[in-house]
Structure formats: structure tokens, C-alpha cells
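Colleague: Here you go, one structure.
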Amino acid sequence: MKPNPQNSRGYFGIGAECISKSVNLGGLLRSANAFGASFAFTVGADDRVFKMRSDTSKADSHLPVFHWQSVDEMQLPNGCSLVGIEILDGATDLPSFPHPLRCAYVLGPERGVLSTDLLARCDHLIRIPTNFSLNVATAGAIIMYDRLRASGRFAPRPVCEGSEAAEIAPHVRGQPKRRRQG
């Protein structure tokens with residue numbers, strides 16, 4: 001897996017279940033590459049989606065892309081939380097969600113919802129609070145942007161229009177911890 005940019009901690013992957021449009025997979029992979037995903041994946045994808053011409057970043061040559069036929073074949077790294085993104089009652093709204101340090105995000109298909117098998121494997125369910133569903137590639141980009149924004153590497157956003165963002169304080173390392181012996 002490739003590391004995230006700017007010395008961030010943890011990792012993430014992103015994928016989709018039963019994706020059927022090559023342009024959506026291409027857009028999702030391009031965004032995954034741009035946002036520094038460590039890996040990408042599909043579960044039960046239509047074979048036609050692999051004839052991509054929409055990923056101009058050639059993401060599959062820069063990060064691992066796994067294609068699993070079924071939920072049972074999925075093999076995520078140890079300690080990796082699975083986060084389902086779907087418009088479902090009981091799902092946490094994205095702005096209130098604390099992103100796990102190590103996780104894989106999975107989006108539902110273009111026409112439908114995440115399968116019951118995949119929902120059962122999810123550790124968390126989140127939703128983008130919109131009036132209706134979004135394109136898979138667009139939803140994936142929003143999730144990855146929110147993860148980046150929530151990572152704490154940016155100064156807080158100004159509250160009023162016209163005000164300037166405060167400078168983010170540089171990280172200061174503390175003294176080494178000394179342990180008592182005996």
C-alpha cells in the first residue's frame with residue numbers, strides 16, 4: 001500500500017460494490033489517487049467497468065486496486081475498519097463522523113444499495129446528507145475530502161466571510177519519556 005501524503009497517520013482505501021459504469025470507476029480511482037488512498041477495490045463489479053478510459057491519472061499503476069467477485073473474497077488489512085456509505089436510516093451523517101485511523105470506505109452501486117452481506121461486514125455506516133443520491137465517483141470524492149479536512153492538518157476555517165484563517169501551529173515534539181527501572 002502506498003502511504004498517505006504529507007506524513008499523515010493511518011491509511012484508507014476506497015471502493016464500490018456492484019459498480020457498473022466504467023466512467024464512475026475511473027472517476028473514483030482518479031480521486032483515490034489524488035487524495036492519497038493507499039488502495040482501491042471493487043466487489044462484484046460488472047466486467048465492462050474494467051475497460052476504463054476515464055482515469056487519466058492511471059491510478060491503477062500508482063496504487064493497488066483489488067477486484068473481488070464477492071463479499072466473502074474481500075480481504076482487508078488487519079485492524080482495518082469497513083465504513084459503508086449509503087443513504088440509510090441510522091447511518092451517521094458525514095459531518096458528524098470521526099474517521100477511523102485505518103479504514104476502507106465502500107460505496108453502494110449506482111442503482112441500488114449495499115448488499116445485506118456487505119452491510120453486515122461494515123463497522124460503521126455513514127451518509128452524505130443530501131436530498132438524493134449522488135454519483136458514485138462524486139460521493140467518493142466528498143468522503144475523501146472530508147477525511148482530509150478532518151485530519152487536523154489544517155487551520156480552523158474562519159467563522160465569518162472576509163476573515164482570514166489562523167496559521168496552524170507547527171508540531172512541537174516533547175521530551176523523551178523516561179521510564180523508572182525496577
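Each chain in the C-alpha cells gets a letter, A, B, ..., in the order shown, and its residues are numbered from 1; ligands are numbered from 1 in order too.
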Can you list, as number ranges by chain, every protein, DNA or RNA residue that comes within 8 Å of stretch 80-83 of chain A when you count only C-alpha atoms, leaving out same-chain residues fewer than 6 positions away?
Modeller: A: 100, 102-106, 121-126
Colleague: Neighbouring residues of A:Ile85 were defined as those with any atom within 12 Å, considering only C-alpha atoms; residues of the same chain fewer than 6 positions away were excluded. Please report them as an NGL selection string.
Modeller: :A and (14-17 or 91-94 or 97 or 104-109 or 113-115 or 118-119 or 122-129 or 133-134 or 136 or 139-140 or 142-144)
Colleague: Using the chain letters and numbers from this document, which residues of stretch 10-179 of chain A does DSSP assign to alpha helix (DSSP H), as number ranges by chain?
Modeller: A: 22-34, 116-121, 136-150
Colleague: Which polymer residues have any atom within 6 Å of an atom of A:Ser70, counting only C-alpha atoms, with same-chain residues fewer than 3 positions away left out, as a VMD selection string?
Modeller: chain A and resid 43 to 44 73
Colleague: Store the residues picked out above in a file with all heavy atoms, as a PDB file, in the first residue's frame.
Modeller:
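Saved result, part-v1.pdb, follows:
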ATOM      1  N   VAL A  43     -16.166  -4.770  -5.505  1.00  0.00           N
ATOM      2  CA  VAL A  43     -16.764  -6.029  -5.064  1.00  0.00           C
ATOM      3  C   VAL A  43     -17.913  -6.323  -6.021  1.00  0.00           C
ATOM      4  O   VAL A  43     -18.836  -5.519  -6.144  1.00  0.00           O
ATOM      5  CB  VAL A  43     -17.306  -5.950  -3.614  1.00  0.00           C
ATOM      6  CG1 VAL A  43     -17.918  -7.280  -3.195  1.00  0.00           C
ATOM      7  CG2 VAL A  43     -16.220  -5.519  -2.651  1.00  0.00           C
ATOM      8  N   GLY A  44     -17.831  -7.436  -6.719  1.00  0.00           N
ATOM      9  CA  GLY A  44     -18.902  -7.832  -7.625  1.00  0.00           C
ATOM     10  C   GLY A  44     -19.128  -6.866  -8.769  1.00  0.00           C
ATOM     11  O   GLY A  44     -20.264  -6.681  -9.210  1.00  0.00           O
ATOM     12  N   GLU A  73     -14.870 -12.892  -0.588  1.00  0.00           N
ATOM     13  CA  GLU A  73     -13.483 -12.821  -1.067  1.00  0.00           C
ATOM     14  C   GLU A  73     -12.714 -11.617  -0.516  1.00  0.00           C
ATOM     15  O   GLU A  73     -11.495 -11.588  -0.592  1.00  0.00           O
ATOM     16  CB  GLU A  73     -13.442 -12.746  -2.596  1.00  0.00           C
ATOM     17  CG  GLU A  73     -13.831 -14.008  -3.298  1.00  0.00           C
ATOM     18  CD  GLU A  73     -13.727 -13.865  -4.812  1.00  0.00           C
ATOM     19  OE1 GLU A  73     -13.060 -12.924  -5.309  1.00  0.00           O
ATOM     20  OE2 GLU A  73     -14.332 -14.696  -5.506  1.00  0.00           O
TER      21      GLU A  73
END
Colleague: Grab the atom CA of A:Gly152 to atom CA of A:His171 distance for me, in Å with one decimal place.
Modeller: 11.4 Å
Colleague: If we count only C-alpha atoms and set the cut-off at 12 Å, which residues sit around A:Lys51, ignoring sequence neighbours fewer than 2 positions away in its own chain? Please answer as a ChimeraX atom specification.
Modeller: /A:20-26,45-49,53-55
Colleague: I'd like the neighbourhood of A:Asp60 as a list in words, where a residue qualifies if any of its atoms comes within 9 Å (using only C-alpha atoms), though same-chain residues fewer than 6 positions away should be ignored.
Modeller: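 What passes the distance filter is Leu29, Arg30, Asn33 and Ala40 of chain A.
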Colleague: Output C-alpha atoms for every residue in that selection, as an mmCIF file, in the first residue's frame.
Modeller:
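File written: result.cif
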data_model
loop_
_atom_site.group_PDB
_atom_site.id
_atom_site.type_symbol
_atom_site.label_atom_id
_atom_site.label_comp_id
_atom_site.auth_asym_id
_atom_site.auth_seq_id
_atom_site.Cartn_x
_atom_site.Cartn_y
_atom_site.Cartn_z
ATOM 1 C CA LEU A 29 -9.889 5.756 -8.935
ATOM 2 C CA ARG A 30 -8.654 9.146 -10.152
ATOM 3 C CA ASN A 33 -5.088 8.631 -6.394
ATOM 4 C CA ALA A 40 -8.888 0.876 -4.021
#
Colleague: Just how far from atom CA of A:Gly79 is atom CA of A:Phe35, in Å to one decimal?
Modeller: 21.3 Å
Colleague: I need the residues in stretch 31-159 of chain A that are strand (DSSP E) according to DSSP; give them as a ChimeraX atom specification.
Modeller: /A:39-43,65-68,81-85,92-93,102-107,124-127
Colleague: Please compute the atom CA of A:Ala59-atom CA of A:Arg149 distance, one decimal, in Å.
Modeller: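 Result for atom CA of A:Ala59 versus atom CA of A:Arg149: 22.0 Å, one decimal.
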Colleague: Select, from A:Asn131, A:Ser61, A:Gln75, A:Thr56, the residue with the minimum atom-to-atom distance to A:Phe41, counting only C-alpha atoms.
Modeller: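 Ranked by minimum distance to A:Phe41, first place goes to A:Gln75.
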